[in-house]
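Okay, structure first, notes after.
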Amino acid sequence: MLKRFPTALLSIALLLNVGLVKADRLILPALEQDRLDKSLLLDIDAADQRLVAVGEQGVIITSDDEGDKWQQAIVPVSAMLTAVHFLNNKRGWAVGHDGVMLSSEDAGSNWQLVLDGNQLNGMRVKAIETSLSELSKQSDVDPIDIETLEYQLEDAQFAKEEGASSPLLDVLFIDSQKGFAVGAYGLLIETKDAGANWHYAGHKLPNPESLHLNRLFYTKQDELFVLGEAGLLLKSNDKGLSWESVVVPYDGSFFAMVESENLFLMGLRGNALKRVKADVWETIELPVKSTINDAVEVDGKVYLVGQGGALLHKTPSGYKAFSKRGLLSYSAVVHVDDQLIAVGEAGVTKIAIEGRAENE
């Protein structure tokens, strides 16, 4: 049974001949759920010893005992949440559909709305207008640069008219002050003051077609990557001040990156790449054609999770399946002691690293 949090005395929807009208997800708080660990969950992160997972209808759940028991957080929106990231053991961020960004100061028990898609659309239009105005005043400007910004402005204005519809898909802080969030249609916002203020920067990327941006990753060498669709891979060596495109031998969408002895990149239909030197990437073979959604490194070994219950780990002879494979997809994974905690269509699944799966 689903019910609203007691504090939410709001009208849910109107019943018309076409069915139940969608309620305003930016106003209605998250649904309280009975079986928390069975909710559709899209991401998970750790705030020190606490696990925090996010998913459908604004649901955020926390566990203080390595995923055995879960509590539901207080969340002011019911939009689908796609990603969660903790800067330290108290402060966290979550993003999702309708351009939602949330923050927590108490390790994920309570969340506050920071941004929504309407504000994000306004930021986007203003930032592109400002850049277009500045660029048009330059005498040696390339007409193609003007044309690209004009195209992006037209797209941003259309998005603003459509309302809060564009999703944010990932969020990441690379230090105590600098953070980024990315999303559909080339969305990129950044903060330089620990999230006190956010600014739109998607138009500064080498992404003229405004392709979707799916994931952020920061390496041990201080390289910041953005993983996108249609083979888009962007890299910054100066913490987001400038960006460059990275040429890779695959033109599909990327969703996961992990670092061990090399840097590995995974995406649609089991396509995976390994960086062999500088910006040289080569294809590696996986034993499945499932899309890989996330990856984690544990004591030098890489584990992958994905669609259709895909569970893989890297061995000296290549990637191999491990553990019992279910039918439902995994969307994200973290490592806790001697087990993996994966989330996805089946909710929470605990997977022993030696290969035994529980809660299937």
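Residues are named by chain letter and number: chains run A, B, ... in the order of the structure tokens, numbers start at 1 in each chain, and ligands are numbered from 1 in the order shown.
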
>> So that I can check the secondary structure, give me every residue of range 103-272 of chain A assigned strand (DSSP E) by backbone DSSP, as a PyMOL selection string.
In response: chain A and resi 103-104+112-115+168-173+179-183+188-191+199-200+213-218+224-228+233-236+244-245+254-259+263-267+272

Could those selected residues go to a file with N, CA and C atoms, as a short mmCIF file (atom, residue, chain, number, x, y, z; two decimals), in the first residue's frame?
```
data_model
loop_
_atom_site.label_atom_id
_atom_site.label_comp_id
_atom_site.auth_asym_id
_atom_site.auth_seq_id
_atom_site.Cartn_x
_atom_site.Cartn_y
_atom_site.Cartn_z
N SER A 103 19.23 18.47 -1.79
CA SER A 103 20.41 18.38 -0.93
C SER A 103 20.00 17.92 0.46
N SER A 104 20.95 17.28 1.14
CA SER A 104 20.74 16.81 2.51
C SER A 104 21.93 17.20 3.36
N GLN A 112 16.08 18.73 0.95
CA GLN A 112 15.50 20.01 0.58
C GLN A 112 15.64 20.22 -0.93
N LEU A 113 14.66 20.85 -1.53
CA LEU A 113 14.70 21.14 -2.97
C LEU A 113 15.62 22.33 -3.21
N VAL A 114 16.63 22.12 -4.07
CA VAL A 114 17.58 23.18 -4.41
C VAL A 114 17.21 23.83 -5.74
N LEU A 115 16.92 22.99 -6.74
CA LEU A 115 16.57 23.47 -8.07
C LEU A 115 15.48 22.59 -8.65
N LEU A 168 17.85 15.66 -14.98
CA LEU A 168 19.25 15.59 -14.62
C LEU A 168 19.55 14.11 -14.35
N LEU A 169 20.72 13.64 -14.80
CA LEU A 169 21.01 12.21 -14.77
C LEU A 169 22.16 11.83 -13.85
N ASP A 170 23.00 12.80 -13.47
CA ASP A 170 24.10 12.46 -12.56
C ASP A 170 24.58 13.72 -11.86
N VAL A 171 25.19 13.53 -10.70
CA VAL A 171 25.74 14.64 -9.92
C VAL A 171 27.02 14.15 -9.25
N LEU A 172 28.04 15.04 -9.18
CA LEU A 172 29.33 14.66 -8.63
C LEU A 172 30.08 15.88 -8.13
N PHE A 173 30.63 15.79 -6.93
CA PHE A 173 31.55 16.79 -6.41
C PHE A 173 32.96 16.24 -6.50
N GLY A 179 31.37 21.23 -7.82
CA GLY A 179 30.46 20.16 -8.15
C GLY A 179 29.82 20.35 -9.51
N PHE A 180 29.33 19.26 -10.08
CA PHE A 180 28.71 19.27 -11.40
C PHE A 180 27.48 18.38 -11.41
N ALA A 181 26.55 18.71 -12.30
CA ALA A 181 25.42 17.83 -12.58
C ALA A 181 25.17 17.87 -14.08
N VAL A 182 24.83 16.71 -14.66
CA VAL A 182 24.60 16.62 -16.09
C VAL A 182 23.25 15.97 -16.35
N GLY A 183 22.78 16.14 -17.62
CA GLY A 183 21.50 15.56 -17.93
C GLY A 183 21.19 15.52 -19.41
N LEU A 188 24.42 20.78 -18.41
CA LEU A 188 25.53 20.77 -17.47
C LEU A 188 25.42 22.00 -16.59
N ILE A 189 25.36 21.80 -15.29
CA ILE A 189 25.42 22.91 -14.35
C ILE A 189 26.58 22.66 -13.40
N GLU A 190 27.12 23.73 -12.84
CA GLU A 190 28.28 23.61 -11.97
C GLU A 190 28.18 24.58 -10.80
N THR A 191 28.86 24.23 -9.73
CA THR A 191 28.95 25.11 -8.57
C THR A 191 30.41 25.22 -8.16
N HIS A 199 25.36 27.29 -11.72
CA HIS A 199 25.37 28.04 -12.97
C HIS A 199 25.34 27.08 -14.15
N TYR A 200 24.63 27.47 -15.20
CA TYR A 200 24.54 26.63 -16.39
C TYR A 200 25.82 26.75 -17.23
N LEU A 213 23.85 13.75 -21.74
CA LEU A 213 25.02 13.51 -20.91
C LEU A 213 24.59 12.61 -19.76
N ASN A 214 25.14 11.39 -19.70
CA ASN A 214 24.63 10.36 -18.80
C ASN A 214 25.36 10.23 -17.48
N ARG A 215 26.68 10.51 -17.48
CA ARG A 215 27.44 10.15 -16.28
C ARG A 215 28.67 11.04 -16.13
N LEU A 216 29.08 11.27 -14.88
CA LEU A 216 30.30 11.98 -14.54
C LEU A 216 31.27 11.01 -13.86
N PHE A 217 32.57 11.20 -14.12
CA PHE A 217 33.57 10.36 -13.46
C PHE A 217 34.85 11.15 -13.27
N TYR A 218 35.45 11.04 -12.09
CA TYR A 218 36.68 11.77 -11.77
C TYR A 218 37.76 10.76 -11.44
N LEU A 224 38.43 14.85 -15.29
CA LEU A 224 36.97 14.82 -15.15
C LEU A 224 36.37 14.41 -16.49
N PHE A 225 35.59 13.32 -16.49
CA PHE A 225 34.96 12.82 -17.71
C PHE A 225 33.46 13.02 -17.66
N VAL A 226 32.88 13.27 -18.84
CA VAL A 226 31.44 13.24 -19.03
C VAL A 226 31.15 12.18 -20.08
N LEU A 227 30.30 11.21 -19.72
CA LEU A 227 29.92 10.14 -20.62
C LEU A 227 28.57 10.47 -21.23
N GLY A 228 28.47 10.38 -22.55
CA GLY A 228 27.24 10.76 -23.23
C GLY A 228 26.74 9.73 -24.21
N LEU A 233 32.32 11.35 -25.53
CA LEU A 233 33.14 11.28 -24.32
C LEU A 233 33.91 12.58 -24.23
N LEU A 234 33.69 13.33 -23.15
CA LEU A 234 34.33 14.61 -22.94
C LEU A 234 35.25 14.54 -21.74
N LYS A 235 36.35 15.31 -21.80
CA LYS A 235 37.32 15.28 -20.71
C LYS A 235 37.79 16.69 -20.39
N SER A 236 37.98 16.94 -19.08
CA SER A 236 38.57 18.19 -18.62
C SER A 236 39.76 17.87 -17.74
N GLU A 244 37.47 18.97 -23.76
CA GLU A 244 37.86 18.48 -25.07
C GLU A 244 37.12 17.18 -25.36
N SER A 245 36.90 16.91 -26.64
CA SER A 245 36.29 15.64 -27.05
C SER A 245 37.36 14.56 -27.13
N PHE A 254 27.33 5.71 -23.55
CA PHE A 254 28.15 5.23 -22.43
C PHE A 254 27.43 5.54 -21.12
N PHE A 255 27.54 4.57 -20.17
CA PHE A 255 26.86 4.74 -18.89
C PHE A 255 27.75 4.51 -17.66
N ALA A 256 28.91 3.90 -17.85
CA ALA A 256 29.72 3.56 -16.67
C ALA A 256 31.20 3.69 -16.98
N MET A 257 31.96 4.07 -15.96
CA MET A 257 33.41 4.13 -16.05
C MET A 257 33.97 3.66 -14.71
N VAL A 258 35.11 2.96 -14.75
CA VAL A 258 35.72 2.47 -13.53
C VAL A 258 37.23 2.47 -13.73
N GLU A 259 37.96 2.64 -12.64
CA GLU A 259 39.42 2.75 -12.70
C GLU A 259 40.06 1.70 -11.81
N LEU A 263 41.81 2.48 -17.12
CA LEU A 263 40.51 3.12 -17.07
C LEU A 263 39.61 2.39 -18.04
N PHE A 264 38.42 1.98 -17.56
CA PHE A 264 37.50 1.20 -18.37
C PHE A 264 36.20 1.98 -18.58
N LEU A 265 35.62 1.81 -19.76
CA LEU A 265 34.42 2.56 -20.17
C LEU A 265 33.41 1.57 -20.74
N MET A 266 32.16 1.62 -20.26
CA MET A 266 31.15 0.66 -20.67
C MET A 266 29.86 1.35 -21.10
N GLY A 267 29.10 0.66 -21.96
CA GLY A 267 27.86 1.25 -22.43
C GLY A 267 26.87 0.25 -22.98
N ALA A 272 32.41 -2.27 -24.49
CA ALA A 272 33.32 -1.83 -23.45
C ALA A 272 34.67 -1.48 -24.05
#
```

>> Set the distance at 8 Å and use only C-alpha atoms: which residues neighbour Gly55 in chain A once local chain neighbours fewer than 3 positions away are removed? I'd like the list as a PyMOL selection string.
In response: chain A and resi 39-43+58-60+80-82

> Just asking: which residues within range 52-147 of chain A are alpha helix (DSSP H) according to DSSP, as JSON, numbers by chain?
Replying inline: {"A": [117, 118, 119, 120, 121, 122, 123, 124, 125, 126, 127, 128, 129, 130, 131, 132, 133, 134, 135, 136, 143, 144, 145, 146, 147]}

Restrict the selected residues to C-alpha atoms and save them as a PDB file, in the first residue's frame.
```
ATOM      1  CA  GLY A 117      13.465  22.217 -14.121  1.00  0.00           C
ATOM      2  CA  ASN A 118      11.787  25.594 -14.398  1.00  0.00           C
ATOM      3  CA  GLN A 119      14.716  27.303 -12.676  1.00  0.00           C
ATOM      4  CA  LEU A 120      17.164  25.221 -14.679  1.00  0.00           C
ATOM      5  CA  ASN A 121      15.533  26.228 -17.964  1.00  0.00           C
ATOM      6  CA  GLY A 122      15.730  29.892 -16.974  1.00  0.00           C
ATOM      7  CA  MET A 123      19.426  29.538 -16.068  1.00  0.00           C
ATOM      8  CA  ARG A 124      20.079  27.854 -19.401  1.00  0.00           C
ATOM      9  CA  VAL A 125      18.414  30.539 -21.511  1.00  0.00           C
ATOM     10  CA  LYS A 126      20.117  33.374 -19.630  1.00  0.00           C
ATOM     11  CA  ALA A 127      23.583  31.788 -19.856  1.00  0.00           C
ATOM     12  CA  ILE A 128      23.322  31.160 -23.602  1.00  0.00           C
ATOM     13  CA  GLU A 129      21.945  34.644 -24.263  1.00  0.00           C
ATOM     14  CA  THR A 130      24.864  36.163 -22.367  1.00  0.00           C
ATOM     15  CA  SER A 131      27.435  34.094 -24.247  1.00  0.00           C
ATOM     16  CA  LEU A 132      25.797  34.858 -27.588  1.00  0.00           C
ATOM     17  CA  SER A 133      25.831  38.589 -26.842  1.00  0.00           C
ATOM     18  CA  GLU A 134      29.505  38.518 -25.842  1.00  0.00           C
ATOM     19  CA  LEU A 135      30.484  36.432 -28.844  1.00  0.00           C
ATOM     20  CA  SER A 136      28.665  38.646 -31.335  1.00  0.00           C
ATOM     21  CA  PRO A 143      30.225  32.138 -37.804  1.00  0.00           C
ATOM     22  CA  ILE A 144      29.819  28.475 -36.934  1.00  0.00           C
ATOM     23  CA  ASP A 145      30.208  29.312 -33.237  1.00  0.00           C
ATOM     24  CA  ILE A 146      27.448  31.921 -33.533  1.00  0.00           C
ATOM     25  CA  GLU A 147      25.226  29.472 -35.389  1.00  0.00           C
TER      26      GLU A 147
END
```

>> So that I can check the surroundings of Asp64 in chain A, please list as a count of residues only every protein, DNA and RNA residue that reaches within 7 Å of it, counting only C-alpha atoms and ignoring chain neighbours fewer than 2 positions away.
In response: 5

> Excluding same-chain residues fewer than 3 positions from Arg25 in chain A, what lies within 7 Å of it counting only C-alpha atoms, as number ranges by chain?
Replying inline: A: 28, 77-79

Saved selection, atoms kept: N, CA and C atoms, as a short mmCIF file (atom, residue, chain, number, x, y, z; two decimals), in the first residue's frame:
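The new file part-v9.cif reads:
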```cif
data_model
loop_
_atom_site.label_atom_id
_atom_site.label_comp_id
_atom_site.auth_asym_id
_atom_site.auth_seq_id
_atom_site.Cartn_x
_atom_site.Cartn_y
_atom_site.Cartn_z
N LEU A 28 4.15 17.65 -4.80
CA LEU A 28 3.78 16.52 -3.96
C LEU A 28 5.02 15.81 -3.44
N VAL A 77 9.63 16.14 -3.04
CA VAL A 77 9.14 15.98 -4.41
C VAL A 77 8.89 14.50 -4.69
N SER A 78 8.11 14.23 -5.74
CA SER A 78 7.83 12.84 -6.11
C SER A 78 8.31 12.54 -7.52
N ALA A 79 9.25 13.32 -8.01
CA ALA A 79 9.84 13.05 -9.31
C ALA A 79 10.79 11.86 -9.21
#
```

> Restricting the calculation to only C-alpha atoms, which member of A:Pro167, A:Ala83, A:Ala30, A:Gln177 is positioned closest to Asn110 in chain A?
Replying inline: A:Ala30

>> Taking 4 positions as the minimum chain separation for residues in the same chain, which residues sit within 10 Å of Val343 in chain A when counting only C-alpha atoms? Answer as a VMD selection string.
In response: chain A and resid 37 to 44 53 to 55 305 329 to 334 347 to 350
